[in-house]
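Source file query_36.csv; content: CSV, C-alpha atoms and all ligand atoms.
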chain,number,residue,atom,x,y,z
N,12,MET,CA,-39.3,9.8,-12.4
N,13,LYS,CA,-38.8,11.3,-9.0
N,14,ARG,CA,-35.6,13.1,-8.2
N,15,LYS,CA,-34.5,10.5,-5.7
N,16,ASN,CA,-35.1,7.7,-8.3
N,17,ILE,CA,-33.2,9.6,-11.0
N,18,ARG,CA,-30.3,9.9,-8.6
N,19,ARG,CA,-30.5,6.2,-7.7
N,20,ALA,CA,-30.6,5.2,-11.4
N,21,TRP,CA,-27.6,7.5,-12.2
N,22,LEU,CA,-25.6,5.9,-9.3
N,23,LEU,CA,-26.5,2.5,-10.5
N,24,SER,CA,-25.5,3.2,-14.1
N,25,VAL,CA,-22.1,4.6,-12.9
N,26,ALA,CA,-21.5,1.6,-10.7
N,27,THR,CA,-22.4,-0.7,-13.7
N,28,VAL,CA,-20.0,1.1,-16.0
N,29,LEU,CA,-17.2,0.9,-13.3
N,30,VAL,CA,-17.8,-2.8,-12.9
N,31,LEU,CA,-17.6,-3.3,-16.7
N,32,VAL,CA,-14.5,-1.1,-17.1
N,33,CYS,CA,-12.4,-2.2,-14.1
N,34,PRO,CA,-10.2,-5.1,-15.0
N,35,ARG,CA,-11.2,-8.1,-12.9
N,36,SER,CA,-8.1,-9.3,-11.2
N,37,SER,CA,-8.3,-12.9,-10.4
N,38,GLN,CA,-6.6,-12.6,-7.1
N,39,ALA,CA,-5.7,-9.6,-4.9
N,40,VAL,CA,-2.0,-9.2,-4.2
N,41,GLN,CA,-1.1,-11.4,-1.2
N,42,PRO,CA,1.3,-10.3,1.6
N,43,TYR,CA,3.9,-13.0,0.8
N,44,GLY,CA,5.6,-14.6,-2.2
N,45,THR,CA,3.8,-17.8,-1.2
N,46,THR,CA,0.6,-17.4,0.8
N,47,VAL,CA,-1.4,-20.3,2.1
N,48,ILE,CA,-4.9,-19.2,3.3
N,49,ARG,CA,-8.2,-20.8,4.2
N,50,ASP,CA,-11.5,-19.4,3.0
N,51,PRO,CA,-13.8,-18.0,5.7
N,52,GLY,CA,-16.0,-21.0,5.4
N,53,GLY,CA,-13.0,-23.2,6.4
N,54,CYS,CA,-13.4,-25.7,3.5
N,55,LYS,CA,-11.1,-24.4,0.8
N,56,VAL,CA,-7.4,-23.8,1.1
N,57,TYR,CA,-5.7,-21.4,-1.3
N,58,VAL,CA,-2.0,-21.7,-2.2
N,59,ILE,CA,-1.1,-18.5,-4.0
N,60,VAL,CA,2.4,-18.1,-5.4
N,61,GLN,CA,3.5,-14.7,-6.7
N,62,ILE,CA,6.5,-14.5,-9.0
N,63,ALA,CA,8.1,-11.3,-10.3
N,64,VAL,CA,10.2,-11.9,-13.4
N,65,ILE,CA,13.2,-9.6,-13.6
N,66,ASP,CA,15.4,-9.7,-16.7
N,67,ASN,CA,18.3,-7.3,-16.9
N,68,SER,CA,19.4,-8.6,-20.3
N,69,THR,CA,19.9,-5.9,-23.0
N,70,GLU,CA,18.7,-8.4,-25.7
N,71,PRO,CA,15.7,-7.0,-27.5
N,72,ASP,CA,12.4,-8.4,-26.2
N,73,SER,CA,14.3,-10.5,-23.6
N,74,VAL,CA,12.0,-9.4,-20.8
N,75,ASN,CA,8.9,-10.5,-22.7
N,76,ALA,CA,10.5,-13.8,-23.8
N,77,SER,CA,11.6,-14.7,-20.2
N,78,TYR,CA,8.2,-13.6,-18.8
N,79,ASN,CA,6.3,-15.7,-21.3
N,80,ARG,CA,8.5,-18.7,-20.8
N,81,VAL,CA,8.2,-18.6,-17.1
N,82,LYS,CA,4.5,-17.9,-17.1
N,83,THR,CA,3.7,-20.7,-19.5
N,84,ALA,CA,5.9,-23.2,-17.7
N,85,LEU,CA,4.5,-22.4,-14.3
N,86,GLU,CA,0.9,-22.4,-15.3
N,87,ARG,CA,1.4,-25.8,-16.9
N,88,CYS,CA,3.4,-27.1,-13.9
N,89,PHE,CA,0.9,-25.9,-11.3
N,90,ASN,CA,-2.2,-27.0,-13.1
N,91,VAL,CA,-3.0,-29.6,-10.5
N,92,SER,CA,-6.3,-30.5,-8.8
N,93,CYS,CA,-5.6,-31.4,-5.2
N,94,SER,CA,-7.7,-31.8,-2.0
N,95,ILE,CA,-7.4,-32.5,1.7
N,96,PRO,CA,-9.2,-35.7,2.6
N,97,CYS,CA,-12.1,-35.7,5.0
N,98,ALA,CA,-13.8,-38.5,7.0
N,99,ARG,CA,-16.4,-38.7,4.2
N,100,PRO,CA,-16.9,-36.9,0.9
N,101,PRO,CA,-16.6,-34.2,-0.2
N,102,ALA,CA,-12.9,-33.5,0.6
N,103,CYS,CA,-11.6,-29.9,1.0
N,104,PRO,CA,-10.3,-28.6,-2.3
N,105,ILE,CA,-6.8,-26.9,-2.5
N,106,ILE,CA,-6.9,-24.1,-5.1
N,107,VAL,CA,-3.5,-23.4,-6.5
N,108,THR,CA,-2.7,-20.2,-8.3
N,109,VAL,CA,0.5,-18.9,-9.7
N,110,ASP,CA,0.6,-15.2,-10.5
N,111,VAL,CA,3.5,-14.4,-12.7
N,112,LYS,CA,4.2,-10.7,-13.4
N,113,LYS,CA,6.9,-8.6,-15.1
N,114,TRP,CA,8.8,-6.6,-12.5
N,115,ASP,CA,7.9,-3.3,-14.2
N,116,ASP,CA,4.2,-4.1,-14.2
N,117,ILE,CA,4.1,-4.4,-10.4
N,118,PRO,CA,3.3,-1.3,-8.4
N,119,ALA,CA,6.3,-0.3,-6.4
N,120,LEU,CA,4.6,-0.8,-3.0
N,121,ASP,CA,3.7,-4.4,-4.0
N,122,ARG,CA,7.1,-5.5,-5.2
N,123,ASP,CA,8.3,-6.9,-1.9
N,124,LYS,CA,5.3,-9.2,-1.8
N,125,TYR,CA,6.6,-11.2,-4.8
N,126,HIS,CA,9.3,-13.8,-5.1
N,127,GLN,CA,11.8,-12.0,-7.2
N,128,VAL,CA,13.3,-14.1,-9.9
N,129,HIS,CA,16.3,-12.7,-11.8
N,130,MET,CA,16.8,-14.4,-15.2
N,131,VAL,CA,20.5,-15.1,-15.8
N,132,GLU,CA,22.2,-16.4,-18.9
N,133,PRO,CA,23.4,-20.1,-18.7
N,134,LYS,CA,27.1,-19.2,-19.0
N,135,TYR,CA,27.0,-17.8,-15.5
N,136,PHE,CA,25.8,-21.1,-14.1
N,137,PRO,CA,27.7,-24.3,-13.4
N,138,ARG,CA,26.7,-27.4,-15.3
N,139,GLY,CA,23.5,-28.9,-14.1
N,140,SER,CA,22.6,-26.0,-11.9
N,141,TYR,CA,19.4,-24.0,-12.5
N,142,SER,CA,19.0,-21.7,-9.6
N,143,TYR,CA,21.1,-19.8,-7.0
N,144,GLY,CA,19.7,-18.2,-3.9
N,145,VAL,CA,18.3,-18.6,-0.5
N,146,TYR,CA,14.8,-20.1,-0.2
N,147,PRO,CA,13.0,-18.7,2.8
N,148,PRO,CA,9.5,-20.3,2.8
N,149,ASN,CA,6.4,-18.3,2.7
N,150,GLY,CA,7.7,-15.0,4.0
N,151,PRO,CA,8.4,-11.5,2.7
N,152,GLY,CA,11.9,-10.2,2.0
N,153,GLY,CA,15.0,-12.1,1.0
N,154,GLN,CA,13.2,-14.2,-1.6
N,155,ALA,CA,15.3,-13.1,-4.6
N,156,VAL,CA,16.9,-15.8,-6.6
N,157,LEU,CA,18.8,-16.2,-9.8
N,158,TRP,CA,17.3,-18.5,-12.5
N,159,ARG,CA,19.1,-20.0,-15.4
N,160,VAL,CA,17.6,-19.3,-18.8
N,161,PRO,CA,16.7,-21.2,-21.0
N,162,ASN,CA,15.7,-24.1,-18.8
N,163,HIS,CA,14.5,-27.7,-18.4
N,164,ARG,CA,10.7,-27.8,-19.0
N,165,ASN,CA,10.1,-28.7,-15.3
N,166,ALA,CA,12.9,-26.6,-13.8
N,167,TYR,CA,10.8,-23.6,-13.1
N,168,GLY,CA,8.2,-25.6,-11.2
N,169,HIS,CA,11.0,-27.3,-9.2
N,170,GLU,CA,12.6,-23.9,-8.4
N,171,VAL,CA,9.2,-22.3,-7.5
N,172,LEU,CA,8.6,-25.2,-5.0
N,173,HIS,CA,11.9,-24.2,-3.4
N,174,LEU,CA,10.5,-20.7,-3.1
N,175,CYS,CA,7.5,-22.3,-1.4
N,176,GLY,CA,9.7,-24.0,1.1
N,177,LEU,CA,10.3,-27.5,-0.3
N,178,GLU,CA,13.8,-29.0,-0.3
N,179,ASP,CA,15.6,-31.0,-2.9
N,180,GLU,CA,15.0,-34.7,-2.7
N,181,TYR,CA,17.9,-35.9,-4.7
N,182,CYS,CA,21.5,-36.6,-3.9
N,183,ALA,CA,24.3,-35.4,-6.2
N,184,ARG,CA,28.1,-35.3,-6.5
N,185,ASN,CA,30.1,-33.1,-8.8
N,186,ILE,CA,33.7,-33.7,-9.9
N,187,ASN,CA,34.4,-30.0,-8.9
N,188,PRO,CA,34.7,-30.1,-5.1
N,189,TRP,CA,33.6,-26.4,-4.8
N,190,GLU,CA,30.1,-27.1,-6.3
N,191,VAL,CA,28.0,-27.9,-3.3
N,192,GLU,CA,25.3,-30.5,-4.0
N,193,PRO,CA,22.3,-31.7,-2.1
N,194,VAL,CA,22.6,-34.9,0.0
N,195,CYS,CA,19.7,-37.1,0.9
N,196,ASP,CA,19.4,-37.6,4.7
N,197,HIS,CA,17.8,-40.9,3.9
N,198,GLY,CA,19.9,-42.1,1.0
N,199,PRO,CA,21.0,-43.2,-1.5
N,200,ASP,CA,24.3,-41.7,-2.2
N,201,PRO,CA,24.9,-41.5,-6.0
N,202,CYS,CA,28.4,-42.6,-5.6
N,203,ASP,CA,27.3,-45.9,-4.2
N,204,SER,CA,27.1,-46.9,-7.9
N,205,GLU,CA,28.7,-44.1,-9.9
N,206,GLU,CA,31.6,-41.8,-9.2
N,207,PRO,CA,31.6,-38.5,-11.1
N,208,THR,CA,34.2,-38.6,-13.9
N,209,VAL,CA,35.6,-36.1,-16.4
N,210,GLN,CA,33.2,-37.5,-19.0
N,211,LYS,CA,30.3,-37.3,-16.6
N,212,PRO,CA,31.2,-34.6,-14.1
N,213,ARG,CA,28.0,-34.8,-12.1
N,214,THR,CA,26.1,-37.9,-10.8
N,215,CYS,CA,22.6,-37.6,-9.3
N,216,LYS,CA,20.0,-39.9,-7.8
N,217,SER,CA,16.5,-39.4,-6.3
N,218,CYS,CA,16.3,-39.9,-2.6
N,219,TYR,CA,14.4,-43.0,-1.4
N,220,GLY,CA,10.7,-42.5,-1.9
N,221,TYR,CA,11.1,-39.5,-4.2
N,222,ALA,CA,11.8,-41.2,-7.6
N,223,ASN,CA,8.5,-39.9,-8.9
N,224,ASP,CA,8.7,-36.5,-7.3
N,225,ILE,CA,9.7,-33.3,-9.1
N,226,MET,CA,12.0,-32.5,-6.2
N,227,GLY,CA,13.7,-35.9,-6.7
N,228,ALA,CA,14.1,-35.7,-10.5
N,229,LEU,CA,13.3,-33.0,-13.0
N,230,ASP,CA,11.6,-35.4,-15.4
N,231,ASN,CA,8.7,-35.7,-13.0
N,232,ASN,CA,5.8,-33.4,-13.1
N,233,LEU,CA,4.6,-31.4,-10.1
N,234,SER,CA,2.1,-33.4,-8.1
N,235,CYS,CA,-0.3,-33.1,-5.3
N,236,SER,CA,2.2,-34.5,-2.8
N,237,ASN,CA,4.3,-31.3,-3.4
N,238,ILE,CA,1.2,-29.1,-2.8
N,239,GLU,CA,0.4,-31.3,0.2
N,240,ARG,CA,3.8,-30.6,1.8
N,241,ILE,CA,3.4,-26.8,1.3
N,242,VAL,CA,0.0,-26.8,2.9
N,243,LYS,CA,1.2,-29.1,5.8
N,244,ALA,CA,4.2,-26.7,6.4
N,245,ALA,CA,1.6,-23.9,6.8
N,246,GLN,CA,-0.4,-26.1,9.2
N,247,GLU,CA,-3.5,-25.9,7.0
N,248,PHE,CA,-3.7,-29.5,5.9
N,249,VAL,CA,-7.0,-30.0,7.8
N,250,CYS,CA,-10.5,-30.6,6.5
N,251,PRO,CA,-12.8,-30.0,9.4
N,252,GLU,CA,-15.6,-32.5,9.4
N,253,TRP,CA,-18.0,-29.6,10.3
N,254,PRO,CA,-18.9,-27.8,8.2
N,255,CYS,CA,-16.9,-29.4,5.3
N,256,CYS,CA,-18.1,-33.0,5.3
N,257,PRO,CA,-20.8,-33.3,8.0
N,258,ALA,CA,-22.1,-36.7,9.1
N,259,PRO,CA,-25.3,-37.9,7.4
N,260,PRO,CA,-28.4,-37.7,9.5
N,261,PRO,CA,-28.9,-40.8,11.7
N,262,PRO,CA,-31.1,-43.6,10.3
N,263,CYS,CA,-34.0,-42.5,12.5
N,264,SER,CA,-34.3,-39.1,10.8
N,265,ASP,CA,-33.0,-39.6,7.3
N,266,GLY,CA,-36.4,-39.9,5.5
N,267,ILE,CA,-35.6,-43.5,4.5
N,268,ASP,CA,-37.2,-46.8,5.5
N,269,ASN,CA,-33.9,-48.3,6.5
N,270,ASP,CA,-35.2,-51.7,7.7
N,271,GLY,CA,-37.8,-52.1,5.0
N,272,ASP,CA,-40.8,-52.6,7.4
N,273,GLY,CA,-43.0,-50.1,5.6
N,274,CYS,CA,-42.4,-46.9,7.6
N,275,ALA,CA,-39.5,-44.5,8.1
N,276,ASP,CA,-37.9,-42.7,11.0
N,277,TYR,CA,-39.0,-41.6,14.5
N,278,PRO,CA,-41.7,-41.6,15.7
N,279,CYS,CA,-43.5,-43.6,13.0
N,280,ASP,CA,-41.1,-46.6,13.0
N,281,THR,CA,-41.4,-47.5,16.7
N,282,GLY,CA,-38.0,-49.3,16.3
N,283,CYS,CA,-36.6,-45.8,16.7
N,284,GLU,CA,-36.3,-44.7,20.3
N,285,SER,CA,-35.6,-41.1,19.3
N,286,ALA,CA,-34.8,-39.0,16.2
N,287,THR,CA,-31.1,-39.6,16.9
N,288,ASP,CA,-31.4,-43.4,17.2
N,289,THR,CA,-29.1,-45.1,14.8
N,290,SER,CA,-31.3,-48.1,13.9
N,291,GLU,CA,-34.9,-48.6,12.8
N,292,GLU,CA,-34.7,-52.4,13.5
N,293,GLY,CA,-37.7,-53.9,15.3
N,294,GLY,CA,-40.8,-52.1,16.5
N,295,SER,CA,-43.8,-51.6,14.4
N,296,CYS,CA,-45.3,-48.9,12.3
N,297,CYS,CA,-47.4,-46.3,14.0
N,298,ASP,CA,-51.2,-46.0,13.2
N,299,GLY,CA,-51.2,-49.6,11.8
N,300,GLY,CA,-48.3,-49.0,9.5
N,301,GLY,CA,-49.8,-46.1,7.6
N,302,ALA,CA,-46.7,-44.0,7.4
N,303,VAL,CA,-45.0,-45.4,4.3
N,304,THR,CA,-42.4,-43.3,2.6
N,305,PRO,CA,-42.5,-41.3,0.5
N,306,ARG,CA,-45.1,-39.3,2.2
N,307,GLY,CA,-46.8,-38.2,-1.1
N,308,LEU,CA,-47.7,-41.9,-1.8
N,309,VAL,CA,-49.4,-42.2,1.5
N,310,VAL,CA,-51.5,-39.2,1.0
N,311,MET,CA,-52.5,-40.3,-2.5
N,312,ALA,CA,-53.4,-43.8,-1.3
N,313,MET,CA,-55.6,-42.4,1.5
N,314,LEU,CA,-57.3,-40.0,-0.9
N,315,LEU,CA,-58.0,-43.0,-3.3
N,316,LEU,CA,-59.4,-45.0,-0.4
N,317,ALA,CA,-61.6,-42.2,0.7
N,318,THR,CA,-62.9,-41.7,-2.8
N,319,GLY,CA,-63.7,-45.4,-3.2
N,320,VAL,CA,-65.6,-45.5,0.1
N,321,TRP,CA,-67.5,-42.3,-0.9
N,322,MET,CA,-68.4,-43.9,-4.3
N,323,LEU,CA,-69.7,-47.0,-2.6
N,324,LEU,CA,-71.8,-45.2,0.0
N,325,ARG,CA,-73.0,-42.1,-1.8
N,326,PRO,CA,-76.7,-41.7,-2.0
N,327,ARG,CA,-78.0,-42.9,-5.4
N,328,VAL,CA,-81.2,-42.2,-7.3
N,329,MET,CA,-82.7,-45.5,-8.4
N,330,SER,CA,-84.0,-45.4,-12.0
T,1,CA,CA,-34.8,-43.8,8.4
T,2,CA,CA,-38.6,-48.7,9.0
T,3,CA,CA,-38.6,-50.8,12.2
T,4,ZN,ZN,16.5,-27.9,-6.3

What is this structure when it is put down as structure tokens?
Amino acid sequence: MKRKNIRRAWLLSVATVLVLVCPRSSQAVQPYGTTVIRDPGGCKVYVIVQIAVIDNSTEPDSVNASYNRVKTALERCFNVSCSIPCARPPACPIIVTVDVKKWDDIPALDRDKYHQVHMVEPKYFPRGSYSYGVYPPNGPGGQAVLWRVPNHRNAYGHEVLHLCGLEDEYCARNINPWEVEPVCDHGPDPCDSEEPTVQKPRTCKSCYGYANDIMGALDNNLSCSNIERIVKAAQEFVCPEWPCCPAPPPPCSDGIDNDGDGCADYPCDTGCESATDTSEEGGSCCDGGGAVTPRGLVVMAMLLLATGVWMLLRPRVMS
């Protein structure tokens, strides 16, 4: 082996070992808690949500328990397959990923790129409330919130959607006047039918059009309409016809005999005025209709014909 080749082989083996040893992270850390980006080809949109779980409880294993609960719930919640429609198939896929990490496992420089979720015991929360905090959509800084633990199975998904910029779509009243509750700007008011009472201190109703939405009622699962709202807010709910779902070739250059007259496309079907003509109707077939599709059949037929003619006309020795 030449010295140069030995060096090359050595470098290659080192590179291979590095590739095998390095943990393959599914997604590089994104600049914001929620990042909506388009792939360079323009046909896939990624929604990447980064959640840092912070648990200051002194209970043994509380951090791991919180982390596992949040991670499991969010991965189940966000396991949706959504897309942006196009004028024709295929649509542009939206790839949703939720990256849940323990605060201590995130390098210090990356921590402000995560939504910071502080897990807090239920006794610190008013009845029916799951989360406290401001919800700045898709930006760095100020995205820390408090979450109640333990929680409703869909509550984490609902609260993460707040972190992604979605608003509540239900209306509620509490018997305690100091507990501020969301109000639907498009109705209904829960007190139209039910006043809060001592027995039932909180009443709640989905806003019109949101009865099946996780932002309208926690018993609903997260759906593509939630993801759609996030992508729309980021102004990425677009599936460009080119290059994502290009128009099929016009009938005069699609390789098909569209009008069934025995020949396909320009120039053989003279019904086509050009390769971009949109109809093969009329006209005749060039060269007496020889150009039948598929092309292989034509060639074979001509070969057979030629062989037959040769068999008939070949010189024969009379015996
Ligand atoms: Ca055609
Ligand atoms: Ca034709
Ligand atoms: Ca024709
Ligand atoms: Zn909410």

Just to confirm, what's the straight-line distance from CA of Ala39 (chain N) to CA of Asp66 (chain N) in Å (one decimal)?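 Atom-to-atom, CA of Ala39 (chain N) to CA of Asp66 (chain N), that is 24.2 Å.
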
Counting all atoms listed in the file, what residues are within 8 Å of ligand CA 2 (chain T), given as a PDB file with C-alpha atoms, keeping the file's coordinate frame?
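Writing the result to result37.pdb gives the following:
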ATOM      1  CA  ILE N 267     -35.600 -43.500   4.500  1.00  0.00           C
ATOM      2  CA  ASP N 268     -37.200 -46.800   5.500  1.00  0.00           C
ATOM      3  CA  ASN N 269     -33.900 -48.300   6.500  1.00  0.00           C
ATOM      4  CA  ASP N 270     -35.200 -51.700   7.700  1.00  0.00           C
ATOM      5  CA  GLY N 271     -37.800 -52.100   5.000  1.00  0.00           C
ATOM      6  CA  ASP N 272     -40.800 -52.600   7.400  1.00  0.00           C
ATOM      7  CA  GLY N 273     -43.000 -50.100   5.600  1.00  0.00           C
ATOM      8  CA  CYS N 274     -42.400 -46.900   7.600  1.00  0.00           C
ATOM      9  CA  ALA N 275     -39.500 -44.500   8.100  1.00  0.00           C
ATOM     10  CA  ASP N 276     -37.900 -42.700  11.000  1.00  0.00           C
ATOM     11  CA  ASP N 280     -41.100 -46.600  13.000  1.00  0.00           C
ATOM     12  CA  GLY N 282     -38.000 -49.300  16.300  1.00  0.00           C
ATOM     13  CA  GLU N 291     -34.900 -48.600  12.800  1.00  0.00           C
ATOM     14  CA  GLU N 292     -34.700 -52.400  13.500  1.00  0.00           C
ATOM     15  CA  CYS N 296     -45.300 -48.900  12.300  1.00  0.00           C
TER      16      CYS N 296
END

With distances taken over all atoms listed in the file, which residue among N:Val194, N:Ala222, N:Ile106, N:Val171 lies nearest Asp50 (chain N)?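 Looking only at the distances to Asp50 (chain N), the closest residue turns out to be N:Ile106.
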
Which protein, DNA or RNA residues have an atom within 12 Å of ligand ZN 4 (chain T), counting only C-alpha atoms and all ligand atoms, as a PyMOL selection string? chain N and resi 139-146+158+165-183+191-194+215+217+224-229

Would you pick out the contacts of region 67-79 of chain N at 12 Å or less, using all atoms listed in the file, so that residues sharing its chain but fewer than 5 positions from it are not included, and give the list as a ChimeraX atom specification? /N:62,84-86,110-116,128-132,157-162,167

Dump C-alpha atoms for the selected residues as a compact mmCIF listing (two decimals), keeping the file's coordinate frame?
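Once everything was written out, this is again39.txt:
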# COMPACT_ATOMS: atom_id res chain seq x y z
CA ILE N 62 6.50 -14.50 -9.00
CA ALA N 84 5.90 -23.20 -17.70
CA LEU N 85 4.50 -22.40 -14.30
CA GLU N 86 0.90 -22.40 -15.30
CA ASP N 110 0.60 -15.20 -10.50
CA VAL N 111 3.50 -14.40 -12.70
CA LYS N 112 4.20 -10.70 -13.40
CA LYS N 113 6.90 -8.60 -15.10
CA TRP N 114 8.80 -6.60 -12.50
CA ASP N 115 7.90 -3.30 -14.20
CA ASP N 116 4.20 -4.10 -14.20
CA VAL N 128 13.30 -14.10 -9.90
CA HIS N 129 16.30 -12.70 -11.80
CA MET N 130 16.80 -14.40 -15.20
CA VAL N 131 20.50 -15.10 -15.80
CA GLU N 132 22.20 -16.40 -18.90
CA LEU N 157 18.80 -16.20 -9.80
CA TRP N 158 17.30 -18.50 -12.50
CA ARG N 159 19.10 -20.00 -15.40
CA VAL N 160 17.60 -19.30 -18.80
CA PRO N 161 16.70 -21.20 -21.00
CA ASN N 162 15.70 -24.10 -18.80
CA TYR N 167 10.80 -23.60 -13.10

Residue neighbourhood Tyr125 (chain N), 7 Å, only C-alpha atoms, exclusion window fewer than 4 positions, as a VMD selection string: chain N and resid 43 to 44 61 to 63

Name the closest residue to Val40 (chain N) among the candidates N:Cys88, N:Ile238, N:Cys250, N:Ile117; distances are taken between atoms, counting all atoms listed in the file.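 Checking each of N:Cys88, N:Ile238, N:Cys250, N:Ile117 against Val40 (chain N), counting all atoms listed in the file, the winner is N:Ile117.
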
Nearest candidate to ligand CA 3 (chain T) (options N:Ser236, N:Arg87, N:Val47, N:Cys263; using all atoms listed in the file):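 Ranked by minimum distance to ligand CA 3 (chain T), first place goes to N:Cys263.
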
Please, what distance in Å, to one decimal, runs between CA of Cys235 (chain N) and CA of Arg122 (chain N)?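 Result for CA of Cys235 (chain N) versus CA of Arg122 (chain N): 28.6 Å, one decimal.
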
Pick from N:Cys279, N:Val209, N:Ile186, N:Ala286 nearest to ligand CA 3 (chain T), counting all atoms listed in the file: N:Cys279

Please indicate the distance in Å from CA of Glu190 (chain N) to CA of Tyr135 (chain N), rounded to one decimal place. 13.4 Å
